[in-house]
file structure17.cif (mmCIF, C-alpha atoms (C1' of nucleotides))
data_upload
#
loop_
_atom_site.label_atom_id
_atom_site.label_comp_id
_atom_site.auth_asym_id
_atom_site.auth_seq_id
_atom_site.Cartn_x
_atom_site.Cartn_y
_atom_site.Cartn_z
CA MET G 329 83.78 93.94 103.76
CA THR G 330 80.59 96.00 103.36
CA ASP G 331 80.51 99.38 105.13
CA ALA G 332 79.32 98.70 108.63
CA LYS G 333 78.61 102.25 109.87
CA PRO G 334 76.77 104.83 107.82
CA LEU G 335 78.93 107.96 107.53
CA ARG G 336 77.82 111.22 109.01
CA ALA G 337 76.45 113.64 106.42
CA ASP G 338 79.47 115.95 106.35
CA ALA G 339 81.89 113.04 106.24
CA ARG G 340 80.06 111.58 103.28
CA ARG G 341 80.18 114.98 101.55
CA ASN G 342 83.92 115.24 102.04
CA ARG G 343 84.52 111.72 100.87
CA ASP G 344 82.52 112.35 97.72
CA ALA G 345 84.36 115.60 97.09
CA LEU G 346 87.67 113.79 97.36
CA ILE G 347 86.65 111.09 94.94
CA ALA G 348 85.19 113.60 92.51
CA LYS G 349 88.33 115.72 92.51
CA ALA G 350 90.55 112.67 92.16
CA ARG G 351 88.53 111.41 89.22
CA GLU G 352 88.84 114.79 87.57
CA LEU G 353 92.60 114.91 88.08
CA PHE G 354 93.15 111.33 86.95
CA ALA G 355 91.13 112.00 83.84
CA SER G 356 93.38 114.92 83.00
CA GLY G 357 96.45 112.73 83.37
CA CYS G 358 97.54 114.21 86.67
CA PHE G 359 98.65 111.38 88.94
CA ASN G 360 101.65 112.52 90.91
CA LEU G 361 100.21 115.45 92.81
CA ARG G 362 101.43 115.97 96.36
CA PHE G 363 98.93 114.28 98.61
CA ASP G 364 98.62 117.33 100.84
CA ASP G 365 98.07 119.62 97.86
CA PHE G 366 95.42 117.29 96.63
CA ALA G 367 93.56 117.65 99.91
CA LYS G 368 93.66 121.42 99.52
CA LEU G 369 92.40 121.16 95.94
CA ALA G 370 89.48 119.08 97.07
CA GLY G 371 88.77 121.65 99.78
CA VAL G 372 89.42 119.47 102.81
CA GLY G 373 92.18 119.26 105.41
CA THR G 374 95.07 116.82 105.21
CA GLY G 375 93.80 114.88 108.17
CA THR G 376 90.44 114.38 106.55
CA LEU G 377 92.03 113.08 103.38
CA TYR G 378 94.13 110.60 105.33
CA ARG G 379 91.22 109.45 107.43
CA HIS G 380 89.17 108.59 104.36
CA PHE G 381 91.99 107.27 102.22
CA PRO G 382 95.10 106.16 104.05
CA THR G 383 97.04 105.61 100.83
CA ARG G 384 97.09 106.66 97.22
CA GLU G 385 95.99 103.18 96.25
CA ALA G 386 92.96 103.37 98.49
CA LEU G 387 91.93 106.56 96.76
CA ALA G 388 92.57 105.15 93.31
CA GLU G 389 90.59 102.09 94.14
CA ALA G 390 87.63 104.14 95.31
CA VAL G 391 87.74 106.19 92.12
CA TYR G 392 87.75 103.17 89.88
CA ARG G 393 85.60 100.91 91.98
CA GLU G 394 82.52 101.79 89.95
CA GLU G 395 84.26 101.41 86.66
CA LEU G 396 85.62 98.06 87.70
CA THR G 397 82.22 96.94 88.88
CA ALA G 398 80.74 97.91 85.54
CA MET G 399 83.41 95.89 83.84
CA CYS G 400 82.61 92.84 85.92
CA ASP G 401 78.92 93.28 85.25
CA ARG G 402 79.66 93.36 81.57
CA ALA G 403 81.55 90.09 81.85
CA ARG G 404 78.61 88.42 83.50
CA GLU G 405 76.26 89.80 80.88
CA LEU G 406 78.44 88.51 78.06
CA GLN G 407 78.60 85.17 79.77
CA ALA G 408 74.84 85.01 79.95
CA THR G 409 74.23 85.90 76.33
CA LEU G 410 77.09 84.46 74.27
CA PRO G 411 78.74 81.07 73.79
CA ALA G 412 81.52 80.71 76.35
CA ASP G 413 84.44 81.17 74.00
CA GLU G 414 82.92 84.22 72.33
CA ALA G 415 82.14 85.73 75.71
CA LEU G 416 85.75 85.32 76.71
CA GLU G 417 87.09 86.85 73.53
CA SER G 418 84.64 89.68 73.62
CA PHE G 419 85.49 90.48 77.20
CA LEU G 420 89.24 90.50 76.70
CA ARG G 421 89.07 92.60 73.55
CA GLY G 422 86.75 95.04 75.27
CA PHE G 423 89.04 95.15 78.24
CA VAL G 424 91.96 96.35 76.16
CA ASP G 425 89.77 98.79 74.33
CA HIS G 426 88.53 100.29 77.53
CA LEU G 427 92.01 100.52 79.00
CA HIS G 428 93.22 102.24 75.89
CA ARG G 429 90.73 105.02 76.44
CA HIS G 430 91.27 105.26 80.19
CA GLU G 431 94.91 105.50 81.07
CA GLY G 432 94.03 106.19 84.68
CA LEU G 433 92.25 102.86 84.95
CA ALA G 434 95.18 101.01 83.43
CA ARG G 435 97.57 102.67 85.82
CA THR G 436 95.34 101.93 88.77
CA LEU G 437 94.85 98.31 87.82
CA ALA G 438 98.57 97.82 87.38
CA THR G 439 99.08 99.10 90.91
CA LEU G 440 96.23 97.12 92.39
CA MET G 441 97.35 93.89 90.79
CA ALA G 442 100.90 94.43 92.01
CA THR G 443 99.64 95.05 95.54
CA GLN G 444 99.13 91.57 96.87
CA SER G 445 98.19 92.92 100.29
CA GLY G 446 94.68 91.55 100.50
CA ALA G 447 92.40 94.41 101.39
CA LEU G 448 93.57 96.89 98.80
CA ALA G 449 93.52 94.41 95.99
CA GLU G 450 89.80 93.82 96.41
CA GLY G 451 89.07 95.39 93.06
CA ALA G 452 91.64 93.23 91.33
CA GLN G 453 90.21 90.16 92.98
CA ALA G 454 86.79 90.91 91.59
CA LEU G 455 88.31 91.09 88.15
CA GLY G 456 90.13 87.84 88.76
CA GLN G 457 86.86 86.24 89.74
CA VAL G 458 85.01 87.10 86.56
CA ILE G 459 87.90 85.94 84.43
CA ASN G 460 87.96 82.76 86.37
CA ASP G 461 84.28 82.27 85.63
CA LEU G 462 84.62 83.06 81.95
CA LEU G 463 87.46 80.58 81.62
CA ALA G 464 85.71 77.90 83.62
CA ALA G 465 82.65 78.16 81.41
CA ALA G 466 84.74 77.88 78.27
CA VAL G 467 86.58 74.90 79.67
CA ARG G 468 83.26 73.24 80.41
CA THR G 469 82.16 73.57 76.80
CA GLY G 470 85.47 72.15 75.71
CA ALA G 471 86.34 75.28 73.76
CA ILE G 472 89.60 75.93 75.59
CA ARG G 473 92.30 73.93 77.31
CA ASP G 474 92.02 73.17 81.01
CA ASP G 475 95.68 73.08 81.94
CA VAL G 476 96.24 76.83 82.19
CA GLY G 477 94.58 78.73 85.00
CA ALA G 478 93.09 82.18 85.30
CA GLY G 479 96.21 83.27 87.13
CA ALA G 480 98.19 83.05 83.94
CA VAL G 481 95.66 85.14 82.07
CA MET G 482 95.68 87.69 84.87
CA MET G 483 99.45 87.85 84.59
CA THR G 484 99.24 88.79 80.95
CA LEU G 485 96.61 91.40 81.76
CA HIS G 486 98.92 92.79 84.39
CA GLY G 487 101.55 93.17 81.71
CA ILE G 488 99.06 94.98 79.54
CA CYS G 489 98.04 97.36 82.31
CA ALA G 490 101.60 98.12 83.31
CA ALA G 491 102.53 99.22 79.82
CA TYR G 492 99.80 101.82 79.54
CA ASP G 493 102.18 104.54 78.46
CA HIS G 494 104.26 102.72 75.87
CA PRO G 495 104.12 104.24 72.42
CA THR G 496 103.11 100.95 70.80
CA TYR G 497 100.65 100.15 73.55
CA ARG G 498 97.57 99.42 71.54
CA THR G 499 99.18 97.19 68.94
CA ASP G 500 101.09 95.19 71.50
CA ALA G 501 98.14 94.84 73.83
CA ASP G 502 95.98 93.54 71.02
CA GLY G 503 98.77 91.15 70.14
CA VAL G 504 98.83 89.82 73.67
CA ILE G 505 95.12 89.11 73.60
CA THR G 506 95.49 87.39 70.25
CA LEU G 507 98.21 85.18 71.68
CA VAL G 508 96.25 84.38 74.81
CA LEU G 509 93.11 83.48 72.91
CA ALA G 510 94.94 81.42 70.32
CA GLY G 511 96.96 79.78 73.06
CA LEU G 512 93.88 78.87 75.03
CA ARG G 513 92.03 77.45 72.09
CA ARG G 514 92.14 73.70 72.35
CA ALA G 515 94.40 72.32 69.66
CA THR G 516 92.31 70.09 67.46
CA PRO G 517 94.07 66.74 67.73
CA MET R 1432 126.90 104.42 75.29
CA THR R 1433 130.25 102.79 76.09
CA ASP R 1434 132.23 104.27 78.99
CA ALA R 1435 134.27 107.11 77.54
CA LYS R 1436 136.60 107.98 80.44
CA PRO R 1437 138.39 105.40 82.56
CA LEU R 1438 137.55 105.94 86.22
CA ARG R 1439 140.19 106.92 88.71
CA ALA R 1440 141.39 103.99 90.81
CA ASP R 1441 139.60 104.98 94.01
CA ALA R 1442 136.42 105.79 92.13
CA ARG R 1443 136.43 102.38 90.52
CA ARG R 1444 136.99 100.78 93.91
CA ASN R 1445 134.02 102.60 95.40
CA ARG R 1446 131.81 101.80 92.48
CA ASP R 1447 132.64 98.13 92.75
CA ALA R 1448 132.05 98.16 96.48
CA LEU R 1449 128.62 99.66 95.91
CA ILE R 1450 127.64 97.09 93.33
CA ALA R 1451 128.97 94.24 95.44
CA LYS R 1452 127.03 95.36 98.50
CA ALA R 1453 123.88 95.94 96.47
CA ARG R 1454 124.11 92.49 94.95
CA GLU R 1455 124.50 91.00 98.40
CA LEU R 1456 121.49 92.87 99.75
CA PHE R 1457 119.30 92.12 96.74
CA ALA R 1458 120.18 88.45 97.03
CA SER R 1459 119.00 88.46 100.63
CA GLY R 1460 115.70 90.02 99.61
CA CYS R 1461 116.46 93.45 100.97
CA PHE R 1462 115.31 96.04 98.44
CA ASN R 1463 113.82 98.95 100.30
CA LEU R 1464 116.76 100.10 102.33
CA ARG R 1465 117.19 103.83 102.81
CA PHE R 1466 119.53 105.00 100.11
CA ASP R 1467 121.71 106.90 102.57
CA ASP R 1468 121.95 103.88 104.85
CA PHE R 1469 122.95 101.78 101.91
CA ALA R 1470 125.87 104.14 101.23
CA LYS R 1471 126.99 103.74 104.82
CA LEU R 1472 126.73 99.96 104.57
CA ALA R 1473 128.89 99.98 101.48
CA GLY R 1474 131.38 102.15 103.31
CA VAL R 1475 131.10 105.25 101.15
CA GLY R 1476 129.56 108.69 101.62
CA THR R 1477 126.12 109.64 100.38
CA GLY R 1478 127.56 111.95 97.77
CA THR R 1479 129.69 109.18 96.34
CA LEU R 1480 126.73 106.87 96.04
CA TYR R 1481 124.69 109.51 94.24
CA ARG R 1482 127.54 110.40 91.90
CA HIS R 1483 127.89 106.82 90.76
CA PHE R 1484 124.22 105.90 90.75
CA PRO R 1485 121.79 108.79 90.57
CA THR R 1486 118.79 106.54 91.11
CA ARG R 1487 117.84 103.19 92.52
CA GLU R 1488 117.18 101.95 89.02
CA ALA R 1489 120.66 102.90 87.89
CA LEU R 1490 122.09 100.84 90.71
CA ALA R 1491 119.80 97.91 90.04
CA GLU R 1492 120.68 97.98 86.40
CA ALA R 1493 124.40 97.94 87.15
CA VAL R 1494 123.92 94.99 89.47
CA TYR R 1495 122.01 92.96 86.94
CA ARG R 1496 123.76 94.15 83.83
CA GLU R 1497 126.03 91.08 83.83
CA GLU R 1498 123.21 88.71 84.48
CA LEU R 1499 121.16 90.24 81.72
CA THR R 1500 124.07 90.07 79.34
CA ALA R 1501 124.54 86.39 80.13
CA MET R 1502 120.87 85.86 79.40
CA CYS R 1503 121.17 87.53 76.03
CA ASP R 1504 124.27 85.52 75.20
CA ARG R 1505 122.36 82.38 76.03
CA ALA R 1506 119.63 83.39 73.62
CA ARG R 1507 122.10 83.84 70.81
CA GLU R 1508 123.69 80.51 71.61
CA LEU R 1509 120.36 78.74 71.53
CA GLN R 1510 119.55 80.43 68.28
CA ALA R 1511 122.80 79.19 66.77
CA THR R 1512 122.38 75.59 67.84
CA LEU R 1513 118.68 74.78 67.77
CA PRO R 1514 115.83 75.01 65.28
CA ALA R 1515 114.22 78.42 65.58
CA ASP R 1516 111.05 77.34 67.35
CA GLU R 1517 112.90 75.18 69.83
CA ALA R 1518 115.32 78.00 70.55
CA LEU R 1519 112.42 80.28 71.31
CA GLU R 1520 110.71 77.82 73.61
CA SER R 1521 113.92 76.94 75.35
CA PHE R 1522 114.74 80.58 75.94
CA LEU R 1523 111.36 81.51 77.34
CA ARG R 1524 111.18 78.48 79.63
CA GLY R 1525 114.68 79.17 80.84
CA PHE R 1526 113.81 82.80 81.37
CA VAL R 1527 111.02 81.93 83.79
CA ASP R 1528 113.15 79.37 85.52
CA HIS R 1529 115.92 81.86 86.08
CA LEU R 1530 113.54 84.52 87.31
CA HIS R 1531 112.02 82.08 89.72
CA ARG R 1532 115.41 81.61 91.37
CA HIS R 1533 116.36 85.27 91.30
CA GLU R 1534 113.62 87.43 92.69
CA GLY R 1535 115.91 90.43 92.56
CA LEU R 1536 116.30 90.10 88.83
CA ALA R 1537 112.57 89.81 88.31
CA ARG R 1538 111.96 92.89 90.38
CA THR R 1539 114.64 94.80 88.53
CA LEU R 1540 113.38 93.80 85.13
CA ALA R 1541 109.85 94.78 86.04
CA THR R 1542 111.13 98.23 86.95
CA LEU R 1543 113.36 98.56 83.92
CA MET R 1544 110.62 97.54 81.53
CA ALA R 1545 108.23 100.00 83.11
CA THR R 1546 110.77 102.79 82.81
CA GLN R 1547 110.39 103.88 79.24
CA SER R 1548 112.92 106.67 79.75
CA GLY R 1549 115.50 105.52 77.21
CA ALA R 1550 118.84 105.49 78.96
CA LEU R 1551 117.83 103.49 81.99
CA ALA R 1552 115.98 100.91 80.01
CA GLU R 1553 119.09 99.91 78.11
CA GLY R 1554 119.10 96.51 79.75
CA ALA R 1555 115.49 95.91 78.86
CA GLN R 1556 116.14 96.96 75.29
CA ALA R 1557 118.88 94.37 74.97
CA LEU R 1558 116.40 91.75 76.10
CA GLY R 1559 113.85 93.06 73.64
CA GLN R 1560 116.40 92.76 70.89
CA VAL R 1561 117.20 89.10 71.43
CA ILE R 1562 113.54 88.23 71.66
CA ASN R 1563 112.98 90.11 68.47
CA ASP R 1564 115.69 88.05 66.82
CA LEU R 1565 114.39 84.77 68.16
CA LEU R 1566 110.91 85.55 66.88
CA ALA R 1567 112.12 86.78 63.52
CA ALA R 1568 114.07 83.57 62.97
CA ALA R 1569 111.08 81.46 63.87
CA VAL R 1570 108.86 83.48 61.56
CA ARG R 1571 111.35 82.92 58.74
CA THR R 1572 111.14 79.16 59.13
CA GLY R 1573 107.39 79.44 59.13
CA ALA R 1574 107.14 77.91 62.58
CA ILE R 1575 105.23 80.81 64.08
CA ARG R 1576 102.77 83.45 62.97
CA ASP R 1577 104.02 86.79 61.71
CA ASP R 1578 101.16 89.03 62.77
CA VAL R 1579 102.16 89.40 66.42
CA GLY R 1580 105.29 91.37 67.21
CA ALA R 1581 107.96 91.06 69.86
CA GLY R 1582 106.34 93.91 71.75
CA ALA R 1583 103.44 91.68 72.63
CA VAL R 1584 105.73 88.97 73.93
CA MET R 1585 107.65 91.55 75.94
CA MET R 1586 104.39 92.69 77.46
CA THR R 1587 103.63 89.21 78.72
CA LEU R 1588 107.15 88.94 80.11
CA HIS R 1589 106.61 92.23 81.88
CA GLY R 1590 103.55 90.72 83.49
CA ILE R 1591 105.60 87.75 84.59
CA CYS R 1592 108.34 89.90 86.07
CA ALA R 1593 105.93 92.15 87.89
CA ALA R 1594 104.29 89.26 89.68
CA TYR R 1595 107.51 87.92 91.18
CA ASP R 1596 106.11 87.77 94.67
CA HIS R 1597 102.74 86.19 94.06
CA PRO R 1598 102.22 82.92 95.87
CA THR R 1599 101.28 81.07 92.68
CA TYR R 1600 104.05 82.73 90.69
CA ARG R 1601 105.72 79.69 89.20
CA THR R 1602 102.60 77.93 88.02
CA ASP R 1603 101.10 81.05 86.51
CA ALA R 1604 104.33 82.11 84.84
CA ASP R 1605 104.72 78.70 83.26
CA GLY R 1606 101.12 78.97 82.13
CA VAL R 1607 101.80 82.29 80.47
CA ILE R 1608 104.71 80.84 78.52
CA THR R 1609 102.56 77.91 77.49
CA LEU R 1610 99.91 80.30 76.21
CA VAL R 1611 102.39 82.47 74.38
CA LEU R 1612 104.09 79.54 72.68
CA ALA R 1613 100.83 77.85 71.74
CA GLY R 1614 99.45 81.17 70.57
CA LEU R 1615 102.44 81.86 68.39
CA ARG R 1616 102.47 78.45 66.80
CA ARG R 1617 101.09 78.81 63.33
CA ALA R 1618 97.71 77.16 63.15
CA THR R 1619 97.98 74.35 60.64
CA PRO R 1620 95.39 75.29 58.06
"C1'" DT L 642 160.54 112.51 92.71
"C1'" DC L 643 157.49 116.10 93.39
"C1'" DA L 644 154.27 119.94 92.50
"C1'" DA L 645 150.30 121.17 89.98
"C1'" DA L 646 146.11 119.81 87.94
"C1'" DA L 647 142.43 116.85 87.69
"C1'" DT L 648 139.37 113.98 89.89
"C1'" DA L 649 136.79 112.12 93.64
"C1'" DT L 650 135.19 112.09 98.48
"C1'" DG L 651 131.85 112.43 102.44
"C1'" DG L 652 128.59 114.00 105.33
"C1'" DA L 653 126.19 118.19 107.11
"C1'" DG L 654 122.19 120.24 106.15
"C1'" DA L 655 118.55 122.08 102.93
"C1'" DC L 656 114.48 120.32 101.08
"C1'" DA L 657 110.21 117.92 99.91
"C1'" DG L 658 106.65 114.78 100.95
"C1'" DT L 659 104.08 112.05 104.30
"C1'" DC L 660 101.36 111.45 108.14
"C1'" DT L 661 99.88 112.25 113.12
"C1'" DC L 662 97.80 114.54 116.73
"C1'" DC L 663 94.46 117.00 119.16
"C1'" DA L 664 91.88 121.36 120.22
"C1'" DC L 665 88.01 122.60 117.93
"C1'" DT L 666 83.63 122.25 114.94
"C1'" DT L 667 79.62 119.99 113.25
"C1'" DG L 668 75.97 116.67 113.22
"C1'" DT L 669 72.79 113.45 115.57
"C1'" DC L 670 69.66 111.79 118.79
"C1'" DA L 671 66.51 111.82 122.63
"C1'" DT A 9 67.86 122.14 123.19
"C1'" DG A 10 71.62 119.88 125.48
"C1'" DA A 11 74.88 116.29 125.53
"C1'" DC A 12 77.44 113.17 123.26
"C1'" DA A 13 79.48 111.17 119.23
"C1'" DA A 14 81.64 111.88 115.02
"C1'" DG A 15 84.46 114.43 112.11
"C1'" DT A 16 87.67 118.31 110.92
"C1'" DG A 17 91.94 120.78 109.62
"C1'" DG A 18 96.36 122.22 109.59
"C1'" DA A 19 100.65 122.94 112.40
"C1'" DG A 20 104.51 120.57 112.87
"C1'" DA A 21 107.13 116.20 113.68
"C1'" DC A 22 109.23 112.91 110.94
"C1'" DT A 23 111.48 110.42 107.18
"C1'" DG A 24 114.03 109.84 103.19
"C1'" DT A 25 116.30 112.24 99.14
"C1'" DC A 26 119.76 114.82 97.18
"C1'" DT A 27 123.15 118.85 96.84
"C1'" DC A 28 127.10 121.32 97.85
"C1'" DC A 29 131.74 122.27 98.67
"C1'" DA A 30 135.93 122.16 101.71
"C1'" DT A 31 138.97 118.48 101.83
"C1'" DA A 32 141.46 114.36 100.22
"C1'" DT A 33 143.40 111.35 96.74
"C1'" DT A 34 145.20 110.15 92.27
"C1'" DT A 35 147.34 111.20 87.99
"C1'" DT A 36 150.28 113.72 85.06
"C1'" DG A 37 154.41 115.46 83.26
"C1'" DA A 38 158.63 117.85 83.96
#
call {"tool": "encode", "arguments": {"input": "structure17.cif", "output": "structure tokens"}}
result
Amino acid sequence: MTDAKPLRADARRNRDALIAKARELFASGCFNLRFDDFAKLAGVGTGTLYRHFPTREALAEAVYREELTAMCDRARELQATLPADEALESFLRGFVDHLHRHEGLARTLATLMATQSGALAEGAQALGQVINDLLAAAVRTGAIRDDVGAGAVMMTLHGICAAYDHPTYRTDADGVITLVLAGLRRATP
Amino acid sequence: MTDAKPLRADARRNRDALIAKARELFASGCFNLRFDDFAKLAGVGTGTLYRHFPTREALAEAVYREELTAMCDRARELQATLPADEALESFLRGFVDHLHRHEGLARTLATLMATQSGALAEGAQALGQVINDLLAAAVRTGAIRDDVGAGAVMMTLHGICAAYDHPTYRTDADGVITLVLAGLRRATP
DNA sequence: TCAAAATATGGAGACAGTCTCCACTTGTCA
DNA sequence: TGACAAGTGGAGACTGTCTCCATATTTTGA
């Protein structure tokens, strides 16, 4: 899982250049560039690009790895400082908010979640883990029901990510979170 | 929208052959066939295939058009015979059940919903319409909240469709529907 | 019934991306 | 500083998509 061999200096430089250029392009909404052209733009050869990132997804994951990590950290922080149900709500609302501002992240997450092929979905798994934890904590306090798993919540988030370019994105995404939260809330008997 | 010109006899024959073969392949889980090879399999030339179906999505939509129509009819039937909230629940549960048995449909719907480019998404729009109607009826009877639109529900369904090949698909999808229904239910004040 | 007009066919080949391969360059280590 | 390991880049093979048009089939209407 963790990088076994430290990269040679020049290799590291190239890798960083690739990620930097990709981040820049993603941020400007440019996602469908020819892979070979992208290599040229980043100032490296095609072979080098492919050696570092065998697929588009691998590149996207590298670009958003940090961002995703930050998101997971935030979840853990919320969990440590708020009551379980508030932490959950706060995280989900913040998630949508963040996605709304970062189309590239939404697009990437949609792809990563769809890719069930283990290795590449590492980032998505990390996200799944923190949601799992948030839910488990809220179940423990009795704030939410225990008969619906994190998988279901992830599925709704997948739907949210996949719709990143719909015109009514924000409203609908907020609606989904509202439904999920209200649906999770334990019905007072 | 509706077919303006009646196809010539041979053209109709070819079109039908293409749809029939595609349906057969989809049913056997074969989705990523080379488009040219597919033409050969159906016994027509590449040009003919492209004339009838300019894209994979166009073909997929044609294949599932009937199935989607049947689904919409079912919704209207439920709406005519059951109380609004039961109709909604019944439709959504049935939707997941159907998807679970027809991976091809799930895959197609996921694509169609993602494609926001008008024309191709016709099938998805029809689905959106019936859900809209089901929700509106339930809102009118006061059974469900009125501050979350059909777009949000569609988003969750998109998530369900997109995850058609996850190992825990069925459980999670059922969970999503549970959340959506419970979330929609008007909280008794 | 048949010729002309309209419509449709098919598959060769142009084209656009992807990805590999390996002779060469650069970095590291003793 | 030399030798070995690690990394590079880009030409070109490869794969799938899609167009084009000479040819074939169907329809029309006289």
call {"tool": "resolve_selection", "arguments": {"input": "structure17.cif", "expression": "the PyMOL selection byres ((chain A) within 9 of (chain G))", "output": "list in words"}}
result
DA14, DG15, DT16, DG17 and DG18 of chain A
call {"tool": "residues_around", "arguments": {"input": "structure17.cif", "residues": "Arg435 in chain G", "least_positions_apart": "3", "cutoff": "8 Å", "atoms": "all atoms listed in the file", "output": "MDAnalysis selection string"}}
result
chainID G and resid 431:432 438:439 489:490 492
call {"tool": "write_last_selection", "arguments": {"input": "structure17.cif", "atoms": "C-alpha atoms", "output": "PDB file, in the frame of the given file"}}
result
ATOM      1  CA  GLU G 431      94.910 105.500  81.070  1.00  0.00           C
ATOM      2  CA  GLY G 432      94.030 106.190  84.680  1.00  0.00           C
ATOM      3  CA  ALA G 438      98.570  97.820  87.380  1.00  0.00           C
ATOM      4  CA  THR G 439      99.080  99.100  90.910  1.00  0.00           C
ATOM      5  CA  CYS G 489      98.040  97.360  82.310  1.00  0.00           C
ATOM      6  CA  ALA G 490     101.600  98.120  83.310  1.00  0.00           C
ATOM      7  CA  TYR G 492      99.800 101.820  79.540  1.00  0.00           C
TER       8      TYR G 492
END
call {"tool": "residues_around", "arguments": {"input": "structure17.cif", "residues": "DA655 in chain L", "least_positions_apart": "4", "cutoff": "12 Å", "atoms": "only C-alpha atoms (C1' of nucleotides)", "output": "MDAnalysis selection string"}}
result
chainID A and resid 25:28
call {"tool": "resolve_selection", "arguments": {"input": "structure17.cif", "expression": "the PyMOL selection byres ((chain G) within 9 of (chain R))", "output": "MDAnalysis selection string"}}
result
chainID G and resid 441:442 444 475:491 493:494 496:497 499:513 515
call {"tool": "closest_residue", "arguments": {"input": "structure17.cif", "among": "G:Asp425, G:Asp344, G:Asp364, G:Asp474", "to": "chain L", "atoms": "only C-alpha atoms (C1' of nucleotides)"}}
result
G:Asp364
call {"tool": "interface_residues", "arguments": {"input": "structure17.cif", "of": "chain L", "to": "chain G", "cutoff": "9 Å", "atoms": "all atoms listed in the file", "output": "MDAnalysis selection string"}}
result
chainID L and resid 658:661 667:669
call {"tool": "atom_distance", "arguments": {"input": "structure17.cif", "atom1": "CA of Leu1530 in chain R", "atom2": "CA of Glu1508 in chain R"}}
result
19.1 Å
call {"tool": "atom_distance", "arguments": {"input": "structure17.cif", "atom1": "CA of Ala466 in chain G", "atom2": "CA of Glu417 in chain G"}}
result
10.4 Å
call {"tool": "atom_distance", "arguments": {"input": "structure17.cif", "atom1": "C1' of DT650 in chain L", "atom2": "CA of Phe1457 in chain R"}}
result
25.6 Å
call {"tool": "resolve_selection", "arguments": {"input": "structure17.cif", "expression": "the PyMOL selection byres ((chain G and resi 388-393) around 10)", "output": "VMD selection string"}}
result
chain G and resid 343 to 344 346 to 352 354 359 381 383 to 387 394 to 399 432 to 433 435 to 437 439 to 440 448 to 452
call {"tool": "decode", "arguments": {"input": "structure17.cif", "residues": "range 1604-1619 of chain R", "atoms": "C-alpha atoms", "output": "short mmCIF file (atom, residue, chain, number, x, y, z; two decimals), in the first residue's frame"}}
result
data_model
loop_
_atom_site.label_atom_id
_atom_site.label_comp_id
_atom_site.auth_asym_id
_atom_site.auth_seq_id
_atom_site.Cartn_x
_atom_site.Cartn_y
_atom_site.Cartn_z
CA ALA R 1604 -30.19 -0.33 -2.92
CA ASP R 1605 -32.99 -1.46 -0.65
CA GLY R 1606 -31.44 0.64 2.08
CA VAL R 1607 -31.45 3.69 -0.13
CA ILE R 1608 -35.15 3.27 -0.87
CA THR R 1609 -35.83 2.84 2.83
CA LEU R 1610 -34.00 6.07 3.55
CA VAL R 1611 -35.73 7.97 0.80
CA LEU R 1612 -39.19 6.81 1.83
CA ALA R 1613 -38.59 7.44 5.52
CA GLY R 1614 -37.04 10.78 4.69
CA LEU R 1615 -39.98 11.84 2.59
CA ARG R 1616 -42.56 10.82 5.13
CA ARG R 1617 -43.85 13.96 6.74
CA ALA R 1618 -42.66 14.10 10.32
CA THR R 1619 -45.73 14.04 12.52
#
